[in-house]
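Trainee: Sharing model09.cif below, mmCIF, C-alpha atoms:
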```
data_entry
#
loop_
_atom_site.group_PDB
_atom_site.id
_atom_site.type_symbol
_atom_site.label_atom_id
_atom_site.label_comp_id
_atom_site.auth_asym_id
_atom_site.auth_seq_id
_atom_site.Cartn_x
_atom_site.Cartn_y
_atom_site.Cartn_z
ATOM 1 C CA MET G 1 -14.795 227.284 -44.934
ATOM 2 C CA LYS G 2 -15.651 227.073 -48.633
ATOM 3 C CA THR G 3 -19.086 226.090 -49.877
ATOM 4 C CA THR G 4 -20.026 224.790 -53.273
ATOM 5 C CA GLY G 5 -23.241 226.812 -53.285
ATOM 6 C CA GLN G 6 -25.313 223.656 -53.119
ATOM 7 C CA SER G 7 -26.813 222.609 -49.813
ATOM 8 C CA LYS G 8 -27.484 219.013 -49.070
ATOM 9 C CA LYS G 9 -31.107 218.309 -48.302
ATOM 10 C CA LYS G 10 -31.838 216.107 -45.358
ATOM 11 C CA VAL G 11 -34.026 213.174 -46.281
ATOM 12 C CA ARG G 12 -36.476 212.302 -43.565
ATOM 13 C CA LYS G 13 -37.538 208.737 -43.323
ATOM 14 C CA LYS G 14 -41.266 208.223 -43.074
ATOM 15 C CA ALA G 15 -42.280 206.872 -39.704
ATOM 16 C CA THR G 16 -44.047 203.554 -39.984
ATOM 17 C CA ARG G 17 -46.622 202.679 -37.387
ATOM 18 C CA VAL G 18 -47.155 199.064 -36.478
ATOM 19 C CA ALA G 19 -50.503 197.929 -35.153
ATOM 20 C CA ARG G 20 -50.066 196.567 -31.624
ATOM 21 C CA ARG G 21 -51.763 193.223 -31.108
ATOM 22 C CA PRO G 22 -53.991 193.279 -28.025
ATOM 23 C CA GLU G 23 -53.804 190.172 -25.893
ATOM 24 C CA GLY G 24 -56.093 188.159 -23.668
ATOM 25 C CA ASP G 25 -58.413 190.260 -21.549
ATOM 26 C CA ASP G 26 -57.846 193.348 -23.661
ATOM 27 C CA VAL G 27 -59.310 191.641 -26.749
ATOM 28 C CA VAL G 28 -62.379 190.510 -24.792
ATOM 29 C CA LYS G 29 -62.975 194.008 -23.373
ATOM 30 C CA ALA G 30 -62.482 195.624 -26.754
ATOM 31 C CA SER G 31 -64.879 193.149 -28.386
ATOM 32 C CA VAL G 32 -67.562 193.829 -25.778
ATOM 33 C CA ALA G 33 -67.103 197.590 -26.108
ATOM 34 C CA GLY G 34 -67.285 197.141 -29.872
ATOM 35 C CA GLY G 35 -70.852 195.895 -29.560
ATOM 36 C CA TYR G 36 -70.218 192.852 -31.705
ATOM 37 C CA ASN G 37 -67.840 189.966 -32.276
ATOM 38 C CA ASP G 38 -67.590 189.613 -36.033
ATOM 39 C CA SER G 39 -64.684 187.221 -36.374
ATOM 40 C CA LYS G 40 -64.997 187.075 -40.175
ATOM 41 C CA LEU G 41 -64.744 190.857 -40.548
ATOM 42 C CA THR G 42 -61.856 190.953 -38.074
ATOM 43 C CA ALA G 43 -60.008 188.221 -39.994
ATOM 44 C CA GLU G 44 -60.484 189.999 -43.331
ATOM 45 C CA ILE G 45 -59.202 193.299 -41.937
ATOM 46 C CA GLU G 46 -56.133 191.679 -40.392
ATOM 47 C CA LYS G 47 -55.372 189.797 -43.599
ATOM 48 C CA LYS G 48 -55.701 192.824 -45.871
ATOM 49 C CA PHE G 49 -54.500 195.661 -43.633
ATOM 50 C CA GLY G 50 -52.585 193.974 -40.803
ATOM 51 C CA ILE G 51 -54.831 195.400 -38.070
ATOM 52 C CA PRO G 52 -55.671 192.849 -35.331
ATOM 53 C CA ILE G 53 -59.034 194.272 -34.204
ATOM 54 C CA PRO G 54 -61.229 196.815 -36.058
ATOM 55 C CA PHE G 55 -62.228 198.692 -32.898
ATOM 56 C CA LEU G 56 -60.621 200.469 -29.962
ATOM 57 C CA SER G 57 -58.554 198.449 -27.517
ATOM 58 C CA GLU G 58 -58.245 199.593 -23.899
ATOM 59 C CA GLU G 59 -54.995 201.385 -24.625
ATOM 60 C CA GLN G 60 -56.371 203.067 -27.736
ATOM 61 C CA TRP G 61 -59.564 204.181 -25.983
ATOM 62 C CA GLU G 62 -57.535 205.724 -23.148
ATOM 63 C CA LYS G 63 -55.594 207.753 -25.716
ATOM 64 C CA VAL G 64 -58.735 208.914 -27.511
ATOM 65 C CA SER G 65 -60.459 209.752 -24.228
ATOM 66 C CA ALA G 66 -57.477 211.760 -22.976
ATOM 67 C CA LEU G 67 -57.313 213.763 -26.210
ATOM 68 C CA SER G 68 -61.025 214.438 -26.546
ATOM 69 C CA GLY G 69 -62.491 214.466 -23.036
ATOM 70 C CA LEU G 70 -65.222 212.085 -24.221
ATOM 71 C CA PRO G 71 -67.054 210.021 -21.568
ATOM 72 C CA VAL G 72 -66.830 206.232 -21.545
ATOM 73 C CA GLN G 73 -70.216 205.785 -23.271
ATOM 74 C CA ALA G 74 -68.735 207.394 -26.390
ATOM 75 C CA ARG G 75 -66.475 204.375 -26.867
ATOM 76 C CA PHE G 76 -69.388 202.226 -28.046
ATOM 77 C CA GLU G 77 -70.432 204.835 -30.645
ATOM 78 C CA ILE G 78 -66.862 205.268 -31.908
ATOM 79 C CA ASN G 79 -66.552 201.503 -32.320
ATOM 80 C CA ILE G 80 -69.758 201.452 -34.348
ATOM 81 C CA ALA G 81 -68.281 204.198 -36.544
ATOM 82 C CA LEU G 82 -65.105 202.137 -37.019
ATOM 83 C CA LYS G 83 -67.087 199.042 -37.928
ATOM 84 C CA ARG G 84 -69.028 200.998 -40.572
ATOM 85 C CA TYR G 85 -65.773 202.449 -41.908
ATOM 86 C CA TRP G 86 -64.103 199.073 -42.280
ATOM 87 C CA TYR G 87 -67.162 197.395 -43.763
ATOM 88 C CA ALA G 88 -67.412 200.133 -46.409
ATOM 89 C CA HIS G 89 -63.640 200.076 -46.957
ATOM 90 C CA LEU G 90 -63.747 196.337 -47.675
ATOM 91 C CA THR G 91 -67.002 196.031 -49.631
ATOM 92 C CA GLN G 92 -67.362 199.247 -51.610
ATOM 93 C CA THR G 93 -65.967 198.780 -55.086
ATOM 94 C CA THR G 94 -66.469 201.142 -58.001
ATOM 95 C CA SER G 95 -66.252 200.363 -61.692
ATOM 96 C CA PRO G 96 -63.823 202.645 -63.566
ATOM 97 C CA LYS G 97 -66.629 203.216 -66.088
ATOM 98 C CA THR G 98 -68.951 204.866 -63.552
ATOM 99 C CA ALA G 99 -67.291 208.304 -63.293
ATOM 100 C CA PRO G 100 -67.065 208.831 -67.097
ATOM 101 C CA GLU G 101 -70.684 207.697 -67.443
ATOM 102 C CA ILE G 102 -71.792 210.257 -64.846
ATOM 103 C CA GLU G 103 -69.916 212.990 -66.694
ATOM 104 C CA SER G 104 -71.491 211.958 -70.000
ATOM 105 C CA VAL G 105 -75.035 211.832 -68.605
ATOM 106 C CA CYS G 106 -74.590 215.224 -66.866
ATOM 107 C CA ALA G 107 -73.584 216.777 -70.192
ATOM 108 C CA LEU G 108 -76.606 215.263 -71.960
ATOM 109 C CA LEU G 109 -78.985 216.338 -69.204
ATOM 110 C CA GLU G 110 -77.630 219.884 -69.206
ATOM 111 C CA LYS G 111 -78.047 220.124 -72.983
ATOM 112 C CA SER G 112 -81.580 218.697 -72.805
ATOM 113 C CA GLY G 113 -82.522 220.960 -69.879
ATOM 114 C CA LEU G 114 -81.379 224.095 -71.681
ATOM 115 C CA ARG G 115 -83.224 223.126 -74.866
ATOM 116 C CA LEU G 116 -86.395 222.265 -72.973
ATOM 117 C CA SER G 117 -86.217 225.532 -71.035
ATOM 118 C CA ALA G 118 -85.921 227.485 -74.284
ATOM 119 C CA LEU G 119 -88.784 225.532 -75.853
ATOM 120 C CA ALA G 120 -91.037 226.110 -72.829
ATOM 121 C CA SER G 121 -90.593 229.859 -73.385
ATOM 122 C CA ASN G 122 -91.560 229.597 -77.044
ATOM 123 C CA GLN G 123 -94.782 231.556 -77.583
ATOM 124 C CA ASP G 124 -95.832 229.251 -80.460
ATOM 125 C CA LEU G 125 -95.854 226.143 -78.274
ATOM 126 C CA PHE G 126 -99.445 226.386 -77.064
ATOM 127 C CA LYS G 127 -101.062 228.111 -80.025
ATOM 128 C CA GLY G 128 -103.992 226.343 -81.540
ATOM 129 C CA GLN G 129 -107.072 224.718 -80.073
ATOM 130 C CA ILE G 130 -106.788 223.129 -76.607
ATOM 131 C CA LEU G 131 -109.344 220.367 -75.990
ATOM 132 C CA HIS G 132 -111.716 220.822 -73.079
ATOM 133 C CA PHE G 133 -110.154 217.900 -71.116
ATOM 134 C CA ASP G 134 -106.592 219.143 -71.591
ATOM 135 C CA LYS G 135 -104.715 221.095 -68.952
ATOM 136 C CA SER G 136 -104.595 224.809 -69.634
ATOM 137 C CA ALA G 137 -101.635 226.345 -71.452
ATOM 138 C CA ILE G 138 -100.389 227.825 -68.172
ATOM 139 C CA GLU G 139 -100.575 224.435 -66.400
ATOM 140 C CA GLN G 140 -98.758 222.683 -69.251
ATOM 141 C CA ARG G 141 -96.038 225.334 -69.267
ATOM 142 C CA GLU G 142 -95.617 224.885 -65.477
ATOM 143 C CA ILE G 143 -95.147 221.126 -66.014
ATOM 144 C CA LEU G 144 -92.356 221.802 -68.497
ATOM 145 C CA GLU G 145 -90.716 224.327 -66.169
ATOM 146 C CA GLN G 146 -90.908 221.867 -63.256
ATOM 147 C CA THR G 147 -89.343 219.201 -65.480
ATOM 148 C CA CYS G 148 -86.458 221.581 -66.222
ATOM 149 C CA GLU G 149 -85.952 222.121 -62.498
ATOM 150 C CA GLN G 150 -85.918 218.370 -61.896
ATOM 151 C CA ILE G 151 -83.347 217.888 -64.654
ATOM 152 C CA PHE G 152 -80.960 220.401 -63.088
ATOM 153 C CA ARG G 153 -81.562 218.899 -59.625
ATOM 154 C CA ALA G 154 -80.618 215.518 -61.063
ATOM 155 C CA ILE G 155 -77.416 217.061 -62.442
ATOM 156 C CA GLY G 156 -76.621 218.349 -58.943
ATOM 157 C CA VAL G 157 -77.127 214.878 -57.457
ATOM 158 C CA LEU G 158 -74.900 213.269 -60.082
ATOM 159 C CA GLU G 159 -72.185 215.891 -59.584
ATOM 160 C CA ASN G 160 -72.201 215.107 -55.846
ATOM 161 C CA CYS G 161 -71.872 211.415 -56.707
ATOM 162 C CA GLN G 162 -68.940 212.220 -58.955
ATOM 163 C CA ARG G 163 -67.186 214.134 -56.164
ATOM 164 C CA ARG G 164 -67.650 211.191 -53.785
ATOM 165 C CA LEU G 165 -66.062 208.838 -56.312
ATOM 166 C CA LYS G 166 -62.897 210.920 -56.619
ATOM 167 C CA ARG G 167 -59.896 209.397 -54.913
ATOM 168 C CA GLY G 168 -56.537 210.979 -54.281
ATOM 169 C CA ARG G 169 -53.469 208.954 -55.120
ATOM 170 C CA GLY G 170 -52.328 206.978 -52.077
ATOM 171 C CA ASN G 171 -55.292 208.092 -49.964
ATOM 172 C CA PRO G 172 -58.100 205.939 -48.591
ATOM 173 C CA SER G 173 -61.565 206.013 -50.120
ATOM 174 C CA TYR G 174 -63.099 209.473 -49.732
ATOM 175 C CA GLY G 175 -66.566 208.125 -48.923
ATOM 176 C CA PRO G 176 -65.825 205.922 -45.874
ATOM 177 C CA LEU G 177 -63.374 208.448 -44.402
ATOM 178 C CA TYR G 178 -65.830 211.321 -44.859
ATOM 179 C CA GLU G 179 -68.605 209.262 -43.249
ATOM 180 C CA LEU G 180 -66.328 208.360 -40.339
ATOM 181 C CA VAL G 181 -65.655 212.051 -39.669
ATOM 182 C CA HIS G 182 -69.414 212.655 -39.872
ATOM 183 C CA HIS G 183 -70.056 209.956 -37.255
ATOM 184 C CA LEU G 184 -67.311 211.285 -34.983
ATOM 185 C CA ASP G 185 -68.820 214.761 -35.253
ATOM 186 C CA PHE G 186 -72.163 213.341 -34.104
ATOM 187 C CA VAL G 187 -70.505 211.584 -31.144
ATOM 188 C CA PHE G 188 -68.577 214.725 -30.202
ATOM 189 C CA TYR G 189 -71.707 216.877 -30.278
ATOM 190 C CA LYS G 190 -73.966 214.461 -28.400
ATOM 191 C CA CYS G 191 -71.417 213.867 -25.641
ATOM 192 C CA LEU G 192 -69.829 217.324 -25.291
ATOM 193 C CA GLY G 193 -72.265 219.698 -26.974
ATOM 194 C CA GLN G 194 -69.650 220.776 -29.541
ATOM 195 C CA LYS G 195 -69.212 220.333 -33.257
ATOM 196 C CA LEU G 196 -65.892 219.371 -34.773
ATOM 197 C CA ALA G 197 -64.034 222.304 -36.295
ATOM 198 C CA ASN G 198 -61.253 222.494 -38.855
ATOM 199 C CA SER G 199 -59.472 225.054 -36.688
ATOM 200 C CA LYS G 200 -56.226 223.986 -35.055
ATOM 201 C CA LYS G 201 -57.199 225.726 -31.837
ATOM 202 C CA PRO G 202 -57.607 223.520 -28.738
ATOM 203 C CA SER G 203 -61.039 222.165 -27.921
ATOM 204 C CA PRO G 204 -62.668 224.013 -24.986
ATOM 205 C CA ALA G 205 -63.720 220.644 -23.551
ATOM 206 C CA VAL G 206 -60.138 219.487 -23.186
ATOM 207 C CA SER G 207 -57.788 220.832 -20.543
ATOM 208 C CA THR G 208 -54.657 220.181 -22.618
ATOM 209 C CA ALA G 209 -53.749 221.901 -25.872
ATOM 210 C CA VAL G 210 -55.338 219.439 -28.291
ATOM 211 C CA ASN G 211 -57.096 220.193 -31.574
ATOM 212 C CA HIS G 212 -59.877 218.316 -33.315
ATOM 213 C CA GLN G 213 -57.572 217.059 -36.033
ATOM 214 C CA LYS G 214 -55.480 215.256 -33.410
ATOM 215 C CA PHE G 215 -58.645 213.729 -31.968
ATOM 216 C CA ILE G 216 -59.593 212.360 -35.397
ATOM 217 C CA SER G 217 -56.003 211.225 -35.978
ATOM 218 C CA SER G 218 -56.053 209.231 -32.744
ATOM 219 C CA VAL G 219 -59.191 207.405 -33.907
ATOM 220 C CA LEU G 220 -57.828 206.855 -37.415
ATOM 221 C CA GLU G 221 -54.679 205.236 -36.079
ATOM 222 C CA VAL G 222 -56.813 202.163 -35.507
ATOM 223 C CA ALA G 223 -59.053 202.726 -38.543
ATOM 224 C CA ASN G 224 -56.278 203.130 -41.096
ATOM 225 C CA LEU G 225 -52.617 203.429 -40.169
ATOM 226 C CA LYS G 226 -51.668 205.013 -43.505
ATOM 227 C CA VAL G 227 -53.860 208.129 -43.419
ATOM 228 C CA ALA G 228 -51.658 211.216 -43.619
ATOM 229 C CA GLY G 229 -52.320 214.284 -41.499
ATOM 230 C CA SER G 230 -52.825 216.385 -44.630
ATOM 231 C CA THR G 231 -55.524 213.978 -45.804
ATOM 232 C CA ILE G 232 -57.334 214.163 -42.470
ATOM 233 C CA ASP G 233 -57.154 217.947 -42.570
ATOM 234 C CA LYS G 234 -58.542 218.025 -46.118
ATOM 235 C CA ILE G 235 -61.476 215.720 -45.339
ATOM 236 C CA LEU G 236 -62.240 217.515 -42.056
ATOM 237 C CA LYS G 237 -62.312 220.914 -43.794
ATOM 238 C CA SER G 238 -64.514 219.550 -46.573
ATOM 239 C CA TYR G 239 -66.934 217.987 -44.098
ATOM 240 C CA VAL G 240 -67.141 221.061 -41.830
ATOM 241 C CA ASN G 241 -67.744 223.338 -44.837
ATOM 242 C CA ASP G 242 -70.498 221.033 -46.144
ATOM 243 C CA ARG G 243 -72.110 220.763 -42.699
ATOM 244 C CA ASP G 244 -72.081 224.489 -41.987
ATOM 245 C CA ARG G 245 -73.337 225.339 -45.470
ATOM 246 C CA SER G 246 -76.264 222.920 -45.137
ATOM 247 C CA GLY G 247 -77.276 224.303 -41.730
ATOM 248 C CA HIS G 248 -77.923 220.753 -40.485
ATOM 249 C CA GLU G 249 -78.507 220.386 -36.749
ATOM 250 C CA TYR G 250 -78.232 217.239 -34.640
ATOM 251 C CA GLY G 251 -80.932 218.335 -32.189
ATOM 252 C CA PRO G 252 -80.580 219.353 -28.550
ATOM 253 C CA ALA G 253 -77.122 218.869 -27.082
ATOM 254 C CA PRO G 254 -76.644 217.330 -23.641
ATOM 255 C CA ILE G 255 -77.154 219.613 -20.665
#
```
Kindly transcribe the structure held in the file into structure tokens.
Mentor:
Amino acid sequence: MKTTGQSKKKVRKKATRVARRPEGDDVVKASVAGGYNDSKLTAEIEKKFGIPIPFLSEEQWEKVSALSGLPVQARFEINIALKRYWYAHLTQTTSPKTAPEIESVCALLEKSGLRLSALASNQDLFKGQILHFDKSAIEQREILEQTCEQIFRAIGVLENCQRRLKRGRGNPSYGPLYELVHHLDFVFYKCLGQKLANSKKPSPAVSTAVNHQKFISSVLEVANLKVAGSTIDKILKSYVNDRDRSGHEYGPAPI
């Protein structure tokens, strides 16, 4: 059999997930477990994203519970996390001018901080008579040095803000998704005594071979049906790295 040397690539169609509309009793139960009945928020989410209810239905909770091993009381916390996600997703808007302004201010602050630092080291700065009610030369120099430190701390804060404003093409807002993972990590730790990990190894709390990314994916199916697995993995890794680097602890885990 002759070949032309060119292989035909198979084109895989992207699977589209359709939000199932809960009915009757299921809606009531889901609303109660959601801790609220915000019909306006629900209507806005359905209109914009096509999702009937912004919290876990009975069927969805059963899936999440089976994947994670979380007890029933975790459902309320997860629904709170989903409500916060959707509220931020709908209300948070950012001017396109903000990111360039942050970059510009950071550059100005860095230039000013470096110049001030050099000036504070200038031996001529405090020559001459110092009045009796003035701070000493050492105290004044310390004030300038502390100001330099504050300037570079401010740059760090603004750079963090700039990172939060970045958005990948076709991906949901980084901020709400990152915060949702943070909330889920808190729920996971408080209920099971474990922190979410970016490893694809199964969770020790679950009898079946399930990883933390799948647990988050199962929650995000109701939060945003268009979040790709690669996006979840990226945000999870970023969050876990930030958390572990900060050394933040949630307090005593359940016994």
Trainee: From the set G:Ile102, G:Ile130, G:Val181, G:Val187, which residue has the shortest atom-to-atom contact distance to Ile216 in chain G, counting only C-alpha atoms?
Mentor: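 Of G:Ile102, G:Ile130, G:Val181, G:Val187, the one nearest Ile216 in chain G is G:Val181, counting only C-alpha atoms.
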Trainee: For CA of Ser136 in chain G and CA of Leu114 in chain G, quote the distance in Å rounded to one decimal.
Mentor: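 Distance reported for this atom pair: 23.3 Å.
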Trainee: Do a neighbour search on Thr93 in chain G at 12 Å with all atoms listed in the file, toss out local chain neighbours closer than 5 positions, and write the hits as a compact mmCIF listing (two decimals) with C-alpha atoms, in the coordinates of the input.
Mentor:
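The resulting file, around-v9.txt, is shown below:
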```txt
# COMPACT_ATOMS: atom_id res chain seq x y z
CA TYR G 87 -67.16 197.40 -43.76
CA ALA G 88 -67.41 200.13 -46.41
CA THR G 98 -68.95 204.87 -63.55
CA LEU G 165 -66.06 208.84 -56.31
CA SER G 173 -61.56 206.01 -50.12
CA GLY G 175 -66.57 208.12 -48.92
CA PRO G 176 -65.82 205.92 -45.87
```
Trainee: Would you please work out which residue, of G:Cys191, G:Leu108, G:Cys148, G:Ile51, is nearest to Ser68 in chain G when using all atoms listed in the file?
Mentor: G:Cys191
Trainee: Using only C-alpha atoms, which residues sit within 12 Å of Glu101 in chain G once same-chain residues fewer than 4 positions away are excluded, as a PyMOL selection string?
Mentor: chain G and resi 95-97+105-108+158-159+161-162
Trainee: Go ahead and write the residues just picked, C-alpha atoms, as a PDB file, in the coordinates of the input.
Mentor:
```
ATOM      1  CA  SER G  95     -66.252 200.363 -61.692  1.00  0.00           C
ATOM      2  CA  PRO G  96     -63.823 202.645 -63.566  1.00  0.00           C
ATOM      3  CA  LYS G  97     -66.629 203.216 -66.088  1.00  0.00           C
ATOM      4  CA  VAL G 105     -75.035 211.832 -68.605  1.00  0.00           C
ATOM      5  CA  CYS G 106     -74.590 215.224 -66.866  1.00  0.00           C
ATOM      6  CA  ALA G 107     -73.584 216.777 -70.192  1.00  0.00           C
ATOM      7  CA  LEU G 108     -76.606 215.263 -71.960  1.00  0.00           C
ATOM      8  CA  LEU G 158     -74.900 213.269 -60.082  1.00  0.00           C
ATOM      9  CA  GLU G 159     -72.185 215.891 -59.584  1.00  0.00           C
ATOM     10  CA  CYS G 161     -71.872 211.415 -56.707  1.00  0.00           C
ATOM     11  CA  GLN G 162     -68.940 212.220 -58.955  1.00  0.00           C
TER      12      GLN G 162
END
```
Trainee: I want to know what sits within 9 Å of Leu177 in chain G, based on all atoms listed in the file, with residues of the same chain fewer than 5 positions away left out; could you give that as a PyMOL selection string?
Mentor: chain G and resi 85+89+172+182+232+235
Trainee: Kindly indicate which residue among G:Leu131, G:Asn241, G:Ala99, G:Glu62 lies nearest to Arg163 in chain G, using only C-alpha atoms for the distances.
Mentor: G:Ala99
Trainee: List the spatial neighbours of Tyr239 in chain G as an MDAnalysis selection string - criterion: any atom at most 9 Å away, only C-alpha atoms, same-chain residues fewer than 5 positions off excluded.
Mentor: chainID G and resid 178:179 181:182 198 234 244
Trainee: Quick one: of G:Ala197, G:Lys226, G:Ile155, G:Gln92, who's nearest to Lys111 in chain G, counting all atoms listed in the file?
Mentor: G:Ile155
Trainee: Rounded to one decimal, what separation in Å do you get between CA of Glu46 in chain G and CA of Lys214 in chain G?
Mentor: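 Calculated distance between CA of Glu46 in chain G and CA of Lys214 in chain G is 24.6 Å.
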Trainee: Point out the residue among G:Lys195, G:Asn122, G:Ile45, G:Gly50 with the least atom-to-atom distance to His183 in chain G, counting only C-alpha atoms.
Mentor: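 Between G:Lys195, G:Asn122, G:Ile45, G:Gly50, the residue approaching His183 in chain G most closely is G:Lys195.
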Trainee: Choose the residue, out of G:Ile80, G:Val219, G:Ala43, G:Ala154, that has the smallest atom-to-atom separation from Leu109 in chain G; count all atoms listed in the file.
Mentor: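 The answer is G:Ala154, which sits nearest to Leu109 in chain G.
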Trainee: Which neighbours of Ala120 in chain G fall inside 8 Å, counting all atoms listed in the file, when residues of the same chain fewer than 3 positions from it are skipped, and could you give them as number ranges by chain?
Mentor: G: 116-117, 125, 141, 144-145
Trainee: For a test of reading the model, state the distance in Å between CA of Ala74 in chain G and CA of Phe188 in chain G, rounded to one decimal.
Mentor: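 Interatomic distance here is 8.3 Å.
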Trainee: Starting from the PyMOL selection byres ((chain G and resi 229) around 12), expand the selection into actual residues of this file and give them as a ChimeraX atom specification.
Mentor: /G:171,212-218,220-221,224-228,230-236
Trainee: Around (-64.8, 200.7, -35.5), as given in the file, which residues come within 8 Å? Count all atoms listed in the file and list them as a compact mmCIF listing (two decimals) with C-alpha atoms, in the frame of the given file.
Mentor:
```txt
# COMPACT_ATOMS: atom_id res chain seq x y z
CA GLY G 34 -67.28 197.14 -29.87
CA PRO G 54 -61.23 196.82 -36.06
CA PHE G 55 -62.23 198.69 -32.90
CA LEU G 56 -60.62 200.47 -29.96
CA ILE G 78 -66.86 205.27 -31.91
CA ASN G 79 -66.55 201.50 -32.32
CA ILE G 80 -69.76 201.45 -34.35
CA ALA G 81 -68.28 204.20 -36.54
CA LEU G 82 -65.10 202.14 -37.02
CA LYS G 83 -67.09 199.04 -37.93
CA ARG G 84 -69.03 201.00 -40.57
CA TYR G 85 -65.77 202.45 -41.91
CA TRP G 86 -64.10 199.07 -42.28
CA ALA G 223 -59.05 202.73 -38.54
```
